[in-house]
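Visitor: Structure file start.cif (mmCIF, C-alpha atoms) right here:
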```
data_query
loop_
_atom_site.label_atom_id
_atom_site.label_comp_id
_atom_site.auth_asym_id
_atom_site.auth_seq_id
_atom_site.Cartn_x
_atom_site.Cartn_y
_atom_site.Cartn_z
CA MET A 1 0.00 0.00 0.00
CA GLY A 2 1.25 3.47 -0.88
CA ILE A 3 1.02 6.64 1.17
CA LYS A 4 -2.64 7.70 1.15
CA VAL A 5 -2.97 11.32 0.01
CA MET A 6 -5.90 13.71 0.10
CA ILE A 7 -5.93 16.97 -1.88
CA VAL A 8 -8.08 19.84 -0.58
CA ASP A 9 -8.07 22.82 -2.95
CA ASP A 10 -10.81 24.89 -4.55
CA SER A 11 -8.84 25.05 -7.82
CA ALA A 12 -9.93 22.36 -10.28
CA VAL A 13 -6.54 22.70 -11.99
CA VAL A 14 -4.67 21.94 -8.76
CA ARG A 15 -6.92 18.97 -7.97
CA GLN A 16 -6.51 17.58 -11.48
CA VAL A 17 -2.74 18.05 -11.85
CA LEU A 18 -1.74 17.12 -8.30
CA GLY A 19 -4.15 14.21 -8.36
CA GLY A 20 -2.49 12.96 -11.54
CA LEU A 21 0.99 13.28 -10.04
CA VAL A 22 -0.04 11.37 -6.93
CA ALA A 23 -1.84 8.65 -8.89
CA ALA A 24 1.17 8.18 -11.20
CA ASP A 25 3.67 7.56 -8.40
CA PRO A 26 3.88 3.92 -7.23
CA GLY A 27 4.67 5.05 -3.68
CA LEU A 28 1.51 7.15 -3.37
CA GLU A 29 -2.22 6.49 -3.43
CA LEU A 30 -4.78 9.18 -4.22
CA LEU A 31 -7.39 8.64 -1.52
CA HIS A 32 -9.66 11.71 -1.79
CA VAL A 33 -9.95 15.09 -3.50
CA ALA A 34 -12.16 17.86 -2.15
CA ALA A 35 -12.91 21.46 -3.12
CA ASP A 36 -13.16 22.68 0.49
CA PRO A 37 -12.60 21.45 4.07
CA LEU A 38 -16.26 20.62 4.73
CA LEU A 39 -16.30 18.18 1.82
CA ALA A 40 -12.94 16.88 2.99
CA MET A 41 -14.27 16.11 6.47
CA GLU A 42 -17.17 14.15 4.98
CA ARG A 43 -14.85 12.06 2.83
CA MET A 44 -12.41 11.44 5.67
CA LYS A 45 -15.16 9.63 7.57
CA SER A 46 -14.78 6.67 5.21
CA ALA A 47 -10.96 6.56 5.07
CA TRP A 48 -8.28 8.67 6.74
CA PRO A 49 -5.32 9.98 4.71
CA ASP A 50 -1.65 9.69 5.65
CA VAL A 51 -0.92 13.16 4.21
CA ILE A 52 -3.16 16.10 3.29
CA VAL A 53 -2.18 18.66 0.63
CA LEU A 54 -4.11 21.75 1.66
CA ASP A 55 -4.88 25.14 0.14
CA ILE A 56 -5.38 28.13 2.43
CA GLU A 57 -7.95 30.38 0.74
CA MET A 58 -11.11 28.32 0.11
CA PRO A 59 -14.88 28.78 0.34
CA ARG A 60 -16.99 27.77 3.36
CA MET A 61 -13.94 27.14 5.59
CA ASP A 62 -10.41 28.42 5.16
CA GLY A 63 -7.46 26.04 5.27
CA LEU A 64 -5.98 27.51 8.45
CA THR A 65 -9.18 26.88 10.42
CA PHE A 66 -9.34 23.33 9.06
CA LEU A 67 -5.68 22.74 9.95
CA ARG A 68 -6.16 23.87 13.54
CA LYS A 69 -9.24 21.68 13.89
CA LEU A 70 -7.32 18.73 12.49
CA MET A 71 -4.35 19.21 14.82
CA SER A 72 -6.57 19.47 17.89
CA GLU A 73 -8.65 16.39 17.06
CA ARG A 74 -6.49 13.99 15.02
CA PRO A 75 -3.01 15.28 14.11
CA THR A 76 -2.12 14.38 10.53
CA PRO A 77 0.82 15.54 8.35
CA VAL A 78 -0.26 18.49 6.19
CA VAL A 79 1.54 20.09 3.25
CA ILE A 80 0.35 23.63 2.53
CA CYS A 81 -0.03 24.56 -1.15
CA SER A 82 -0.11 28.36 -1.06
CA THR A 83 0.05 31.24 -3.51
CA LEU A 84 3.06 33.57 -3.53
CA THR A 85 1.24 36.69 -2.37
CA ASP A 86 1.88 38.80 0.70
CA LYS A 87 -1.36 37.61 2.27
CA GLY A 88 -0.81 34.00 1.26
CA THR A 89 2.76 34.02 2.52
CA ALA A 90 1.88 35.42 5.95
CA THR A 91 -0.99 32.95 6.35
CA SER A 92 1.21 30.05 5.30
CA VAL A 93 3.71 30.98 8.01
CA GLU A 94 0.80 30.88 10.48
CA ALA A 95 -0.05 27.43 9.14
CA LEU A 96 3.49 26.20 9.76
CA ALA A 97 3.23 27.49 13.32
CA ALA A 98 -0.08 25.65 13.68
CA GLY A 99 1.48 22.32 12.72
CA ALA A 100 1.81 22.07 8.93
CA VAL A 101 4.88 20.09 7.90
CA ALA A 102 5.89 22.03 4.78
CA VAL A 103 4.85 24.70 2.29
CA VAL A 104 4.77 24.41 -1.48
CA ALA A 105 4.64 27.89 -3.00
CA LYS A 106 2.48 28.13 -6.11
CA PRO A 107 2.08 31.10 -8.48
CA ARG A 108 -1.24 32.60 -9.54
CA LEU A 109 -0.31 32.46 -13.23
CA ASP A 110 0.74 29.43 -15.30
CA LEU A 111 -0.31 27.21 -12.40
CA LYS A 112 -0.64 24.00 -14.43
CA ARG A 113 2.81 24.39 -15.99
CA PHE A 114 4.36 25.15 -12.60
CA LEU A 115 2.82 22.09 -10.96
CA GLN A 116 3.91 19.81 -13.78
CA GLY A 117 7.44 21.26 -13.77
CA SER A 118 7.73 20.82 -10.01
CA ALA A 119 6.44 17.24 -9.98
CA ALA A 120 9.56 15.68 -8.44
CA GLU A 121 9.74 18.27 -5.65
CA LEU A 122 6.03 18.00 -4.86
CA VAL A 123 6.10 14.21 -4.67
CA ALA A 124 9.24 14.28 -2.51
CA THR A 125 7.61 16.78 -0.14
CA VAL A 126 4.53 14.56 0.28
CA LYS A 127 6.71 11.51 0.96
CA ALA A 128 8.77 13.43 3.49
CA ALA A 129 5.61 14.65 5.23
CA ALA A 130 4.37 11.08 5.60
CA ARG A 131 7.38 10.33 7.81
CA ALA A 132 6.66 13.19 10.21
CA ASN A 133 5.68 12.48 13.81
CA PRO A 134 2.04 13.67 14.09
CA LEU A 135 2.18 13.93 17.88
CA ARG A 136 5.04 16.42 17.63
CA LEU A 137 3.01 18.40 15.08
CA ALA A 138 0.17 18.67 17.57
CA ALA A 139 2.50 19.75 20.36
CA ARG A 140 3.21 22.41 18.42
CA ALA A 141 9.73 5.10 -0.73
CA CYS A 142 12.40 5.82 -3.32
CA ALA A 143 13.39 9.41 -3.94
CA PRO A 144 12.58 11.04 -7.28
CA PRO A 145 15.40 11.96 -9.68
CA ALA A 146 17.38 14.75 -8.03
CA PRO A 147 19.66 17.46 -9.43
CA PRO A 148 23.42 17.05 -8.90
CA ARG A 149 24.23 16.90 -5.21
CA TYR A 150 26.85 19.36 -4.03
CA SER A 151 28.79 19.57 -0.82
CA ALA A 152 29.59 22.86 0.87
CA ASP A 153 32.69 22.96 -1.38
CA ALA A 154 30.44 24.38 -4.10
CA VAL A 155 29.97 27.59 -2.10
CA LEU A 156 32.79 27.68 0.44
CA PRO A 157 35.88 25.48 -0.09
CA ALA A 158 37.22 23.75 2.98
CA ALA A 159 40.15 25.41 4.72
CA PRO A 160 42.70 23.59 6.89
CA ALA A 161 43.34 26.68 9.02
CA ARG A 162 43.21 26.32 12.81
CA ALA A 163 40.20 27.65 14.71
CA LEU A 164 40.46 31.31 15.60
CA ALA A 165 41.37 32.52 19.06
CA ARG A 166 38.66 33.43 21.54
CA THR A 167 36.71 36.65 21.01
CA THR A 168 34.24 38.51 23.18
CA ASP A 169 31.42 37.99 20.66
CA GLN A 170 30.02 34.48 20.43
CA VAL A 171 27.85 32.93 17.74
CA VAL A 172 25.10 30.34 17.88
CA ALA A 173 24.44 28.62 14.53
CA ILE A 174 21.18 26.69 14.15
CA GLY A 175 20.09 24.48 11.28
CA THR A 176 16.62 22.97 10.90
CA SER A 177 14.05 21.88 8.34
CA THR A 178 10.78 19.92 8.63
CA GLY A 179 9.09 20.88 11.88
CA GLY A 180 11.63 23.64 12.45
CA THR A 181 9.25 26.57 12.35
CA GLN A 182 7.52 25.40 15.52
CA ALA A 183 10.78 24.28 17.11
CA LEU A 184 12.49 27.62 16.48
CA GLU A 185 9.54 29.46 17.96
CA ARG A 186 9.85 27.39 21.15
CA VAL A 187 13.59 28.08 21.40
CA LEU A 188 13.69 31.76 20.46
CA THR A 189 10.71 32.80 22.59
CA ALA A 190 12.47 31.28 25.62
CA LEU A 191 15.59 33.43 25.19
CA PRO A 192 16.08 36.62 27.23
CA ARG A 193 16.61 39.98 25.52
CA VAL A 194 20.37 39.71 25.89
CA SER A 195 21.53 36.41 24.46
CA PRO A 196 24.35 35.39 22.11
CA GLY A 197 23.91 36.39 18.46
CA LEU A 198 22.24 33.71 16.36
CA VAL A 199 22.50 32.76 12.69
CA ILE A 200 19.81 30.39 11.49
CA VAL A 201 19.06 28.33 8.41
CA GLN A 202 15.45 27.11 8.21
CA HIS A 203 14.61 25.37 4.95
CA MET A 204 11.77 27.48 3.52
CA PRO A 205 10.79 28.71 0.05
CA GLU A 206 11.94 32.10 -1.17
CA LYS A 207 9.79 34.99 0.12
CA PHE A 208 8.54 32.98 3.10
CA THR A 209 11.52 33.61 5.38
CA ALA A 210 10.81 37.34 5.71
CA ALA A 211 7.26 36.70 6.92
CA PHE A 212 8.52 33.95 9.22
CA ALA A 213 11.12 36.29 10.75
CA GLN A 214 8.53 39.03 11.24
CA ARG A 215 6.24 36.63 13.05
CA LEU A 216 9.01 35.49 15.39
CA HIS A 217 10.08 39.07 16.02
CA ALA A 218 6.58 39.88 17.27
CA LEU A 219 6.71 36.95 19.71
CA CYS A 220 10.28 37.15 21.03
CA ALA A 221 12.16 39.33 23.49
CA ILE A 222 15.17 39.24 21.13
CA GLU A 223 15.20 40.90 17.71
CA VAL A 224 14.55 38.51 14.81
CA ARG A 225 14.85 39.44 11.15
CA GLU A 226 15.67 38.05 7.74
CA ALA A 227 19.40 38.49 7.18
CA ALA A 228 20.75 41.07 4.74
CA ASN A 229 24.23 41.06 3.27
CA GLY A 230 26.74 42.60 5.71
CA ASP A 231 24.54 42.38 8.83
CA ARG A 232 26.53 42.21 12.05
CA VAL A 233 25.90 39.25 14.34
CA ARG A 234 25.42 40.77 17.77
CA PRO A 235 23.89 39.82 21.12
CA GLY A 236 20.12 39.87 21.22
CA LEU A 237 19.72 39.40 17.44
CA ALA A 238 18.73 36.34 15.42
CA LEU A 239 19.39 36.45 11.66
CA ILE A 240 17.45 34.02 9.47
CA ALA A 241 18.93 33.12 6.08
CA PRO A 242 16.70 34.32 3.21
CA GLY A 243 15.03 31.59 1.18
CA GLY A 244 16.81 30.88 -2.09
CA ARG A 245 20.27 32.13 -1.02
CA HIS A 246 23.12 30.84 1.14
CA MET A 247 24.27 32.59 4.32
CA LEU A 248 27.92 32.62 5.42
CA LEU A 249 29.54 33.87 8.60
CA ARG A 250 32.74 35.91 8.33
CA ARG A 251 34.96 37.53 10.91
CA ALA A 252 35.97 41.20 10.73
CA GLY A 253 38.39 41.95 13.53
CA ALA A 254 36.70 40.80 16.73
CA GLN A 255 33.21 41.00 15.22
CA TYR A 256 31.15 38.69 13.03
CA HIS A 257 29.05 39.53 9.99
CA VAL A 258 27.01 37.56 7.47
CA ASP A 259 27.35 37.40 3.71
CA ILE A 260 24.33 36.48 1.62
CA VAL A 261 25.48 34.75 -1.56
CA ASP A 262 24.21 32.80 -4.55
CA GLY A 263 25.36 29.31 -5.41
CA PRO A 264 24.01 25.86 -6.27
CA PRO A 265 21.85 23.93 -3.80
CA VAL A 266 24.04 22.12 -1.26
CA SER A 267 22.74 18.90 0.29
CA ARG A 268 19.70 19.63 -1.90
CA HIS A 269 19.02 22.97 -0.21
CA ARG A 270 19.59 26.70 -0.66
CA PRO A 271 20.10 28.03 1.95
CA SER A 272 22.09 25.07 3.22
CA VAL A 273 22.91 24.29 6.82
CA ASP A 274 26.19 22.69 5.73
CA VAL A 275 27.29 25.94 4.10
CA LEU A 276 26.46 28.01 7.18
CA PHE A 277 28.09 25.54 9.59
CA ARG A 278 31.30 25.31 7.54
CA SER A 279 31.61 29.10 7.48
CA VAL A 280 31.06 29.19 11.26
CA ALA A 281 33.73 26.52 11.79
CA ARG A 282 36.18 28.57 9.75
CA SER A 283 35.36 32.03 11.10
CA ALA A 284 34.36 31.43 14.72
CA GLY A 285 35.84 28.10 15.77
CA ALA A 286 35.62 27.67 19.53
CA ASN A 287 33.61 30.91 19.84
CA ALA A 288 30.54 29.12 18.46
CA LEU A 289 27.79 26.70 19.37
CA GLY A 290 26.24 24.59 16.62
CA ILE A 291 22.72 23.20 17.00
CA ILE A 292 21.04 20.84 14.55
CA MET A 293 17.30 20.40 14.96
CA THR A 294 14.32 18.57 13.51
CA GLY A 295 14.41 17.96 9.76
CA MET A 296 14.41 15.46 6.91
CA GLY A 297 17.66 14.36 5.26
CA ASP A 298 21.26 15.02 6.24
CA ASP A 299 21.91 18.73 5.57
CA GLY A 300 24.09 20.07 8.36
CA ALA A 301 25.64 16.81 9.55
CA ALA A 302 28.93 17.34 7.69
CA GLY A 303 29.08 21.02 8.67
CA LEU A 304 28.40 20.29 12.33
CA LEU A 305 31.26 17.78 12.32
CA GLU A 306 33.53 20.52 10.92
CA MET A 307 32.39 22.86 13.70
CA ARG A 308 33.20 20.27 16.34
CA GLY A 309 36.60 19.71 14.78
CA ALA A 310 37.26 23.47 14.95
CA GLY A 311 36.55 23.55 18.68
CA ALA A 312 32.89 24.62 18.68
CA ARG A 313 30.35 23.06 21.03
CA THR A 314 27.75 20.99 19.20
CA VAL A 315 24.25 19.83 20.10
CA ALA A 316 21.54 17.77 18.39
CA GLN A 317 17.84 17.81 19.22
CA ASP A 318 16.67 14.46 20.60
CA GLU A 319 14.36 12.09 18.76
CA ALA A 320 11.47 12.33 21.19
CA SER A 321 11.03 16.07 20.63
CA CYS A 322 11.63 16.08 16.83
CA VAL A 323 8.91 16.14 14.19
CA VAL A 324 11.42 14.36 11.92
CA PHE A 325 14.66 12.96 13.37
CA GLY A 326 16.56 12.74 10.07
CA MET A 327 19.06 15.61 10.33
CA PRO A 328 19.90 15.14 14.03
CA ARG A 329 20.16 11.36 13.60
CA GLU A 330 22.71 11.72 10.80
CA ALA A 331 24.74 14.24 12.78
CA ILE A 332 24.82 11.89 15.76
CA ARG A 333 25.75 8.94 13.54
CA ARG A 334 28.76 10.84 12.20
CA GLY A 335 29.95 11.87 15.65
CA ALA A 336 29.21 15.54 14.98
CA ALA A 337 27.08 16.16 18.09
CA GLU A 338 28.65 16.22 21.54
CA ARG A 339 25.29 15.62 23.11
CA CYS A 340 21.60 15.19 22.38
CA VAL A 341 19.02 17.30 24.25
CA ALA A 342 15.28 17.85 24.28
CA LEU A 343 13.80 20.83 22.47
CA ASP A 344 12.88 22.55 25.73
CA ALA A 345 16.53 22.41 26.90
CA ILE A 346 18.08 24.09 23.85
CA ASP A 347 17.63 27.64 25.16
CA ARG A 348 19.67 26.65 28.23
CA GLU A 349 22.48 25.38 26.02
CA ILE A 350 22.53 28.76 24.27
CA MET A 351 22.65 30.75 27.48
CA ALA A 352 25.35 28.46 28.92
CA LEU A 353 27.57 29.48 26.01
CA GLN A 354 27.21 33.12 26.96
CA ALA A 355 27.93 32.35 30.60
CA GLY A 356 31.12 30.54 29.60
CA GLN A 357 29.92 27.31 31.15
CA GLY A 358 30.27 25.10 28.08
CA LEU A 359 27.30 22.87 27.51
CA ALA A 360 24.54 22.97 30.12
#
```
Using structure tokens, write down the structure from this file.

Guide:
Amino acid sequence: MGIKVMIVDDSAVVRQVLGGLVAADPGLELLHVAADPLLAMERMKSAWPDVIVLDIEMPRMDGLTFLRKLMSERPTPVVICSTLTDKGTATSVEALAAGAVAVVAKPRLDLKRFLQGSAAELVATVKAAARANPLRLAARACAPPAPPRYSADAVLPAAPARALARTTDQVVAIGTSTGGTQALERVLTALPRVSPGLVIVQHMPEKFTAAFAQRLHALCAIEVREAANGDRVRPGLALIAPGGRHMLLRRAGAQYHVDIVDGPPVSRHRPSVDVLFRSVARSAGANALGIIMTGMGDDGAAGLLEMRGAGARTVAQDEASCVVFGMPREAIRRGAAERCVALDAIDREIMALQAGQGLA
């Protein structure tokens, strides 16, 4: 039996094209299609899906209301299929906070062509969502053909230089993916106004990271914003890598800044956690803490190992608190993480760095 998928979207084009993609993949089974959440709830009475692909703006009941109802009553992995508009982007970020596993950004024009051209990515996203831990969402098959896989060498060649000497400024580098929007909210909202500077890669589509940063900024005591080229990493500030571009850390005297650069996807992602972590290993060395959190795949495992080799402290989120344990598991397997901690303990690890206590 394949992964049972339900599509809920008021667009007949989306239902037709996505339904065809799901039906054509041997690892998936098209269970239901529905034009709105009320129809979806009726059809789910006969058979429950493993994954729901959900639109946001629909008649009779919007997707966000349906998602919240679903997560409160029977948590199920949900992939949001949202338009690239300011309103759609902000609402999709709310949906991620409410428990959605991932977002697929769709345009308003040439929708059919876009969906067909993004078939491999869409199918991979649905398969990844099926492996998510639904209980963690509530608390907050073979892969398709992939483009060439690059290591961080494609953006930032490895350097054999020794880790830099201690500086007053310290840097916390965080990498996360599936389930990371909720996890980051838990961590960042627990930090006091004065905390070490943070640089963060969260795998999200282009244009979504700005709205995500704005939402976190409204909730947190620290300042949170989407990173811009040249931004200084300073206490009380979290910089989130913009979707579609890599973020690097560089040292200027005793201070740290970020560079926002183009480059191929690394470990299948842009921004890539491996790219950020390698730059932190090179520029900050023992002045840094690396944290790898919930996510699918292995992005960040190699970079975290480089950080540990350069003298940085390294932490992985534990399996029990992850939505998907893929990225932390791989980091642990490679010996990149000094220790494994629960999500609710990560803020203490960050503050222990500032206090000069090592790991908490």

Visitor: Hey, what comes out of the PyMOL selection byres ((chain A and resi 338-340) around 12) on this file? Could you write it as a PyMOL selection string?

Guide: chain A and resi 289-294+304-305+307-309+311-322+325+328-329+331-337+341-346+349+358-360

Visitor: For the point (-9.0, 25.6, -0.6) in file coordinates, what residues are within 7 Å, counting all atoms listed in the file? Give the answer as a PDB file with C-alpha atoms, keeping the file's coordinate frame?

Guide:
```pdb
ATOM      1  CA  VAL A   8      -8.080  19.840  -0.580  1.00  0.00           C
ATOM      2  CA  ASP A   9      -8.070  22.820  -2.950  1.00  0.00           C
ATOM      3  CA  ASP A  10     -10.810  24.890  -4.550  1.00  0.00           C
ATOM      4  CA  ALA A  35     -12.910  21.460  -3.120  1.00  0.00           C
ATOM      5  CA  ASP A  36     -13.160  22.680   0.490  1.00  0.00           C
ATOM      6  CA  LEU A  54      -4.110  21.750   1.660  1.00  0.00           C
ATOM      7  CA  ASP A  55      -4.880  25.140   0.140  1.00  0.00           C
ATOM      8  CA  ILE A  56      -5.380  28.130   2.430  1.00  0.00           C
ATOM      9  CA  GLU A  57      -7.950  30.380   0.740  1.00  0.00           C
ATOM     10  CA  MET A  58     -11.110  28.320   0.110  1.00  0.00           C
ATOM     11  CA  PRO A  59     -14.880  28.780   0.340  1.00  0.00           C
ATOM     12  CA  ASP A  62     -10.410  28.420   5.160  1.00  0.00           C
ATOM     13  CA  GLY A  63      -7.460  26.040   5.270  1.00  0.00           C
TER      14      GLY A  63
END
```

Visitor: Around the point (24.1, 20.8, 7.1) (coordinates from the file), which residues reach within 8 Å if we count all atoms listed in the file? Answer as a ChimeraX atom specification.

Guide: /A:175,267,272-277,298-304,327

Visitor: If you measure from atom CA of Arg15 of chain A to atom CA of Ala34 of chain A, what distance in Å do you get, rounded to one decimal?

Guide: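 Interatomic distance here is 7.9 Å.
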
Visitor: Which residues would end up in the selection if the PyMOL selection byres ((chain A and resi 32) around 7) were applied here, given that I need the answer as number ranges by chain?

Guide: A: 5-7, 30-31, 33-34, 43

Visitor: Using all atoms listed in the file for the distances, tell me which of A:Arg215, A:His269, A:Lys4, A:Lys45 is nearest to Gly243 of chain A.

Guide: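 So, comparing all the options, the nearest one is A:His269.
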
Visitor: Just to confirm, what's the straight-line distance from atom CA of Pro37 of chain A to atom CA of Arg136 of chain A in Å (one decimal)?

Guide: 22.8 Å

Visitor: For the PyMOL selection byres ((chain A and resi 257-262) around 7), applied here, can you spell out every residue it catches as a VMD selection string?

Guide: chain A and resid 228 to 233 245 to 251 255 to 256 263
